[in-house]
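*Asks:* Provided herewith is a single structure, encoded as structure tokens, for subsequent inquiry.
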Amino acid sequence: MAKMCREGVCFHAEKVSKIYPGTKALDNVDFDLLTGKVNVLIGENGAGKSTLMKMIAGIEAPSEGKLYMGEEEVHFRNTTDARKHGIGIIHQELNLFPNLPVYQNVFMAREKKKGIGMDNQYHREKTMEVLKKLEHEIPVDTLVGDLRVGQQQMIEIAKNLVEDGLKILIMDEPTSSLSEQEVQVLFKIMRELIAQGISIVYISHRLEEIMQIGDHVTILRDGKYVADADVKDIDVPWIVKQMTGEGKSYPKKERKIDWGKQEKVLEVKNLALPKSGGGYLLDNVSFDLKKGEILGIYGLMGSGRTEVFECIMGLRPEHTGDILLEGERMDIRSISGQIGRGFALVPEDRQREGLVQTMDIGRNCSLSALVKYTKAGFIDFKKENEMVDREIQDIHIKVADKRLPILSLSGGNQQKIVIGKGILTDPKILLMDEPSRGIDIGAKTEVFDIINQYAEQGLSIIVVSSELKEIIAIADRVLVLSNGIKTGELMGDEIQEESLVLASYKGHHGH
């Protein structure tokens, strides 16, 4: 048995470094994990937070340095090993099996046997119990692929809570896809866990959130330790200053254009999308998009914001209503058809839909545009390379070598690649779903600059976002959706946090 942790420290990393070809992700970092506390790790993209997490969770081994639990040095060969020591991890990019039911996902790799088969009755009951505790009573036979992202996140959490013996729970951006309500449920659970003496490691970019849930904060910058402090002793400006070395906020671009007079590129009239089981995901939504405009669509989970994009891109052939491109009604049949018409989509779930994981960075950039560089059926690699180089430069991707696999990049850089990929098809209309989900302030500002740059060049852009500050910083005009209904349309100075929040609750009963 390990001795008790020295005075409230249950895990200690001593002078750990992690070196990947071409980058030093962690550089001689000391880190203490306080027992029964929410230990927050903050830093911009590529600061090394995820790498440190992966070390504690047994996904990566340190190149140099030592890890201790209590007085005892530990070496984890893999996550199973770390789990034996009571360490669980919840990833930002969900690791679930969409074609299996909820209860099988929860017990994946820790099934209880009954005779030769599985004890599915036990699995079901335990899963129900845990989900009830999580205030998400999802029927346990539902296929995970049919759940919303927020619900999937809860399943990911349930997986870690269903076994006893949990000492450390690592949460990497757990709220990036949750609604405000779901976030509060999650925080409640986190508080219960630390009350039981479980230690939580928490990565988040949402600074307000950190102030609300965190106990202790450690800040990394460029792979090095910068500072740590108790949350009660600090404020958001202090954090931003430590993270960036200087203050950064989202600068609002002043664009003096009379959008009323601009030509309409896209018109959506009475868009409706039936829900399986009755009701509507989208209920007679109408709007237009002007040339060179950045139109924001804001709404909570389940408001229908992603579904608008799915209809436009041909993923929801069952929709009704008219969608007109430059005044002509489109008969939307397929995604490739829509790409051909000049639409590009940067999806929210970049791991699943935006990137081909095993391909390298350059190839990912050019994938969607290969049509343009194909000579008589063969890919013109020289031309492809030139384009990719220009794109990598264009959107400031920090990359040692464009032939590295895409997974070697931080979330923010992966996101820029997905955007770069969208742009290479030379679209007229760019649809961006949560373009800065899970990326830090520095990368966000860069992503916003990229978006503005393209709008200046006349590209018309629709951005869906659930982050108020983001939508306020970037949009020329904002539509608000709530429960599939358009509840507001704001322009210019009307775009304020308060008015957006009010409109986003309008379609809900009881508000």
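Ligands are numbered from 1 in the order shown, chains are lettered A, B, ... in the order of the structure tokens, and residues start at 1 in each chain.
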Can you pull out every residue within 7 Å of Ser286 of chain A, counting only C-alpha atoms, but drop anything in the same chain fewer than 2 positions away, and send it as a ChimeraX atom specification?
*Replies:* /A:268-271,284
*Asks:* Set the distance at 7 Å and use only C-alpha atoms: which residues neighbour Asn39 of chain A once local chain neighbours fewer than 2 positions away are removed? I'd like the list as number ranges by chain.
*Replies:* A: 33-34, 37, 41, 200-202, 214-217
*Asks:* Go ahead and write the selection's residues with N, CA and C atoms as a PDB file, in the first residue's frame.
*Replies:*
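Output contents, as saved in out-v2.pdb:
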ATOM      1  N   LEU A  33      -0.920  17.604  -7.242  1.00  0.00           N
ATOM      2  CA  LEU A  33      -2.363  17.441  -7.329  1.00  0.00           C
ATOM      3  C   LEU A  33      -2.899  17.397  -5.898  1.00  0.00           C
ATOM      4  N   LEU A  34      -3.750  18.373  -5.561  1.00  0.00           N
ATOM      5  CA  LEU A  34      -4.228  18.471  -4.184  1.00  0.00           C
ATOM      6  C   LEU A  34      -5.412  17.530  -3.970  1.00  0.00           C
ATOM      7  N   LYS A  37      -9.705  18.207  -4.122  1.00  0.00           N
ATOM      8  CA  LYS A  37      -9.891  19.555  -4.657  1.00  0.00           C
ATOM      9  C   LYS A  37     -10.116  19.484  -6.165  1.00  0.00           C
ATOM     10  N   LEU A  41      -6.185  23.142 -14.639  1.00  0.00           N
ATOM     11  CA  LEU A  41      -4.999  23.386 -15.459  1.00  0.00           C
ATOM     12  C   LEU A  41      -5.386  24.367 -16.549  1.00  0.00           C
ATOM     13  N   ILE A 200      -9.975  16.050  -8.477  1.00  0.00           N
ATOM     14  CA  ILE A 200     -10.337  16.256  -9.878  1.00  0.00           C
ATOM     15  C   ILE A 200      -9.303  17.137 -10.554  1.00  0.00           C
ATOM     16  N   VAL A 201      -8.884  16.709 -11.736  1.00  0.00           N
ATOM     17  CA  VAL A 201      -8.049  17.572 -12.569  1.00  0.00           C
ATOM     18  C   VAL A 201      -8.943  18.073 -13.686  1.00  0.00           C
ATOM     19  N   TYR A 202      -8.937  19.373 -13.865  1.00  0.00           N
ATOM     20  CA  TYR A 202      -9.949  19.970 -14.732  1.00  0.00           C
ATOM     21  C   TYR A 202      -9.293  20.913 -15.721  1.00  0.00           C
ATOM     22  N   GLY A 214     -13.406  25.880  -9.655  1.00  0.00           N
ATOM     23  CA  GLY A 214     -12.033  25.512  -9.303  1.00  0.00           C
ATOM     24  C   GLY A 214     -11.689  25.809  -7.856  1.00  0.00           C
ATOM     25  N   ASP A 215     -10.742  25.013  -7.298  1.00  0.00           N
ATOM     26  CA  ASP A 215     -10.191  25.308  -5.971  1.00  0.00           C
ATOM     27  C   ASP A 215      -8.776  25.850  -6.117  1.00  0.00           C
ATOM     28  N   HIS A 216      -8.016  25.194  -7.024  1.00  0.00           N
ATOM     29  CA  HIS A 216      -6.624  25.573  -7.185  1.00  0.00           C
ATOM     30  C   HIS A 216      -6.295  25.594  -8.675  1.00  0.00           C
ATOM     31  N   VAL A 217      -5.504  26.555  -9.081  1.00  0.00           N
ATOM     32  CA  VAL A 217      -5.232  26.734 -10.509  1.00  0.00           C
ATOM     33  C   VAL A 217      -3.736  26.645 -10.769  1.00  0.00           C
TER      34      VAL A 217
END
*Asks:* Write out as a ChimeraX atom specification the residues lying within 10 Å of Gly86 of chain A, counting only C-alpha atoms and excluding same-chain residues fewer than 4 positions away.
*Replies:* /A:57,80-82,160,163-169,198
*Asks:* Export all heavy atoms of the chosen residues as an mmCIF file, in the first residue's frame?
*Replies:*
data_model
loop_
_atom_site.group_PDB
_atom_site.id
_atom_site.type_symbol
_atom_site.label_atom_id
_atom_site.label_comp_id
_atom_site.auth_asym_id
_atom_site.auth_seq_id
_atom_site.Cartn_x
_atom_site.Cartn_y
_atom_site.Cartn_z
ATOM 1 N N ALA A 57 -2.864 10.057 -16.738
ATOM 2 C CA ALA A 57 -3.855 9.030 -17.081
ATOM 3 C C ALA A 57 -3.230 7.786 -17.710
ATOM 4 O O ALA A 57 -3.926 6.846 -18.067
ATOM 5 C CB ALA A 57 -4.881 9.614 -18.040
ATOM 6 N N THR A 80 -5.172 1.329 -18.462
ATOM 7 C CA THR A 80 -5.666 0.274 -17.587
ATOM 8 C C THR A 80 -4.837 0.266 -16.299
ATOM 9 O O THR A 80 -5.354 0.129 -15.184
ATOM 10 C CB THR A 80 -5.558 -1.106 -18.290
ATOM 11 O OG1 THR A 80 -5.958 -0.933 -19.643
ATOM 12 C CG2 THR A 80 -6.449 -2.132 -17.626
ATOM 13 N N ASP A 81 -3.557 0.443 -16.485
ATOM 14 C CA ASP A 81 -2.612 0.514 -15.381
ATOM 15 C C ASP A 81 -2.952 1.691 -14.454
ATOM 16 O O ASP A 81 -2.992 1.561 -13.237
ATOM 17 C CB ASP A 81 -1.223 0.766 -15.985
ATOM 18 C CG ASP A 81 -0.194 -0.146 -15.359
ATOM 19 O OD1 ASP A 81 -0.594 -0.969 -14.528
ATOM 20 O OD2 ASP A 81 0.990 -0.013 -15.689
ATOM 21 N N ALA A 82 -3.184 2.850 -15.055
ATOM 22 C CA ALA A 82 -3.502 4.056 -14.281
ATOM 23 C C ALA A 82 -4.828 3.854 -13.547
ATOM 24 O O ALA A 82 -4.997 4.266 -12.404
ATOM 25 C CB ALA A 82 -3.575 5.266 -15.211
ATOM 26 N N ASN A 160 -16.844 6.441 -15.640
ATOM 27 C CA ASN A 160 -15.837 6.561 -14.590
ATOM 28 C C ASN A 160 -16.400 6.375 -13.188
ATOM 29 O O ASN A 160 -15.665 6.089 -12.266
ATOM 30 C CB ASN A 160 -15.149 7.920 -14.679
ATOM 31 C CG ASN A 160 -14.135 7.946 -15.798
ATOM 32 O OD1 ASN A 160 -13.059 7.385 -15.676
ATOM 33 N ND2 ASN A 160 -14.497 8.556 -16.918
ATOM 34 N N GLU A 163 -17.539 2.300 -11.243
ATOM 35 C CA GLU A 163 -16.686 1.441 -10.431
ATOM 36 C C GLU A 163 -16.267 2.166 -9.165
ATOM 37 O O GLU A 163 -16.074 3.374 -9.190
ATOM 38 C CB GLU A 163 -15.398 1.155 -11.201
ATOM 39 C CG GLU A 163 -15.521 0.022 -12.144
ATOM 40 C CD GLU A 163 -14.166 -0.270 -12.789
ATOM 41 O OE1 GLU A 163 -13.511 0.673 -13.257
ATOM 42 O OE2 GLU A 163 -13.784 -1.429 -12.794
ATOM 43 N N ASP A 164 -16.041 1.426 -8.090
ATOM 44 C CA ASP A 164 -15.502 2.062 -6.897
ATOM 45 C C ASP A 164 -13.992 2.199 -7.042
ATOM 46 O O ASP A 164 -13.394 1.678 -7.974
ATOM 47 C CB ASP A 164 -15.836 1.216 -5.659
ATOM 48 C CG ASP A 164 -17.339 1.123 -5.491
ATOM 49 O OD1 ASP A 164 -18.028 2.088 -5.884
ATOM 50 O OD2 ASP A 164 -17.821 0.088 -4.983
ATOM 51 N N GLY A 165 -13.385 2.887 -6.086
ATOM 52 C CA GLY A 165 -11.928 2.961 -6.097
ATOM 53 C C GLY A 165 -11.377 4.131 -6.887
ATOM 54 O O GLY A 165 -10.174 4.239 -7.080
ATOM 55 N N LEU A 166 -12.251 5.020 -7.354
ATOM 56 C CA LEU A 166 -11.758 6.177 -8.106
ATOM 57 C C LEU A 166 -11.085 7.157 -7.140
ATOM 58 O O LEU A 166 -11.666 7.532 -6.136
ATOM 59 C CB LEU A 166 -12.935 6.854 -8.816
ATOM 60 C CG LEU A 166 -12.587 8.021 -9.733
ATOM 61 C CD1 LEU A 166 -11.815 7.548 -10.953
ATOM 62 C CD2 LEU A 166 -13.838 8.758 -10.179
ATOM 63 N N LYS A 167 -9.840 7.549 -7.431
ATOM 64 C CA LYS A 167 -9.147 8.512 -6.574
ATOM 65 C C LYS A 167 -8.966 9.843 -7.294
ATOM 66 O O LYS A 167 -9.042 10.911 -6.703
ATOM 67 C CB LYS A 167 -7.760 7.978 -6.201
ATOM 68 C CG LYS A 167 -7.765 6.774 -5.284
ATOM 69 C CD LYS A 167 -6.352 6.562 -4.710
ATOM 70 C CE LYS A 167 -6.260 5.290 -3.888
ATOM 71 N NZ LYS A 167 -5.853 4.138 -4.715
ATOM 72 N N ILE A 168 -8.643 9.729 -8.596
ATOM 73 C CA ILE A 168 -8.366 10.947 -9.366
ATOM 74 C C ILE A 168 -9.188 10.886 -10.650
ATOM 75 O O ILE A 168 -9.150 9.876 -11.366
ATOM 76 C CB ILE A 168 -6.864 11.021 -9.728
ATOM 77 C CG1 ILE A 168 -6.021 11.120 -8.454
ATOM 78 C CG2 ILE A 168 -6.589 12.205 -10.643
ATOM 79 C CD1 ILE A 168 -4.519 11.041 -8.695
ATOM 80 N N LEU A 169 -9.929 11.934 -10.912
ATOM 81 C CA LEU A 169 -10.698 11.981 -12.158
ATOM 82 C C LEU A 169 -10.210 13.176 -12.972
ATOM 83 O O LEU A 169 -10.198 14.305 -12.481
ATOM 84 C CB LEU A 169 -12.192 12.117 -11.858
ATOM 85 C CG LEU A 169 -13.108 12.135 -13.087
ATOM 86 C CD1 LEU A 169 -12.934 10.870 -13.911
ATOM 87 C CD2 LEU A 169 -14.568 12.295 -12.702
ATOM 88 N N ILE A 198 -12.303 12.495 -3.575
ATOM 89 C CA ILE A 198 -11.735 12.270 -4.914
ATOM 90 C C ILE A 198 -11.114 13.585 -5.403
ATOM 91 O O ILE A 198 -11.647 14.657 -5.141
ATOM 92 C CB ILE A 198 -12.844 11.784 -5.874
ATOM 93 C CG1 ILE A 198 -13.258 10.365 -5.487
ATOM 94 C CG2 ILE A 198 -12.394 11.840 -7.325
ATOM 95 C CD1 ILE A 198 -14.484 9.845 -6.205
#
*Asks:* Between A:Glu310, A:Glu263, A:Glu7, A:Glu192, which residue has the minimum interatomic distance to Val38 of chain A, considering only C-alpha atoms?
*Replies:*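 So, comparing all the options, the nearest one is A:Glu192.
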*Asks:* What is the atom CA of His205 of chain A-atom CA of Met171 of chain A distance in Å, reported with one decimal?
*Replies:*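 Distance between the two atoms: 12.2 Å.
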*Asks:* Which one of A:Tyr298, A:Phe343, A:Phe107, A:Phe309 sits closest to Ile472 of chain A if you count only C-alpha atoms?
*Replies:*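 Once distances to Ile472 of chain A are computed over only C-alpha atoms, the minimum belongs to A:Tyr298.
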*Asks:* Quick one: residues within 10 Å of Val162 of chain A, only C-alpha atoms counted, chain neighbours fewer than 6 positions away excluded, as a short mmCIF file (atom, residue, chain, number, x, y, z; two decimals) with N, CA, C and O atoms, in the first residue's frame?
*Replies:*
data_model
loop_
_atom_site.label_atom_id
_atom_site.label_comp_id
_atom_site.auth_asym_id
_atom_site.auth_seq_id
_atom_site.Cartn_x
_atom_site.Cartn_y
_atom_site.Cartn_z
N VAL A 106 -21.17 2.07 -20.93
CA VAL A 106 -20.76 2.35 -19.56
C VAL A 106 -19.87 1.23 -19.03
O VAL A 106 -18.90 1.46 -18.32
N PHE A 107 -20.18 0.00 -19.39
CA PHE A 107 -19.40 -1.13 -18.85
C PHE A 107 -18.33 -1.65 -19.81
O PHE A 107 -17.76 -2.70 -19.59
N ARG A 110 -15.07 -3.38 -18.71
CA ARG A 110 -15.12 -3.73 -17.27
C ARG A 110 -16.41 -4.51 -17.02
O ARG A 110 -17.09 -4.29 -16.04
N HIS A 123 -25.53 -4.86 -15.42
CA HIS A 123 -25.05 -3.70 -16.19
C HIS A 123 -26.13 -2.65 -16.33
O HIS A 123 -25.90 -1.46 -16.15
N LYS A 126 -27.00 -1.01 -12.78
CA LYS A 126 -25.93 -0.13 -12.34
C LYS A 126 -25.91 1.16 -13.16
O LYS A 126 -25.71 2.26 -12.64
N THR A 127 -26.10 0.99 -14.47
CA THR A 127 -26.09 2.15 -15.35
C THR A 127 -27.24 3.09 -15.01
O THR A 127 -27.05 4.29 -14.91
N GLU A 129 -28.67 3.41 -12.17
CA GLU A 129 -28.36 4.02 -10.88
C GLU A 129 -27.46 5.23 -11.07
O GLU A 129 -27.70 6.32 -10.54
N VAL A 130 -26.39 5.01 -11.81
CA VAL A 130 -25.39 6.06 -12.01
C VAL A 130 -25.99 7.24 -12.77
O VAL A 130 -25.77 8.40 -12.43
N LEU A 131 -26.80 6.95 -13.79
CA LEU A 131 -27.39 8.04 -14.58
C LEU A 131 -28.40 8.83 -13.76
O LEU A 131 -28.56 10.02 -13.94
#
*Asks:* I need the residues in segment 36-221 of chain A that are strand (DSSP E or B) according to DSSP; give them as a ChimeraX atom specification.
*Replies:* /A:38-42,64-69,72-74,87-90,101,113-114,117-118,143,168-172,199-203,216-221
*Asks:* Check the smallest atom-to-atom distance from each of A:Gly299, A:Gly88, A:Gly43, A:Pro237 to Ile59 of chain A using only C-alpha atoms, then report the winner.
*Replies:*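 When distances to Ile59 of chain A are compared using only C-alpha atoms, the smallest one comes from A:Gly88.
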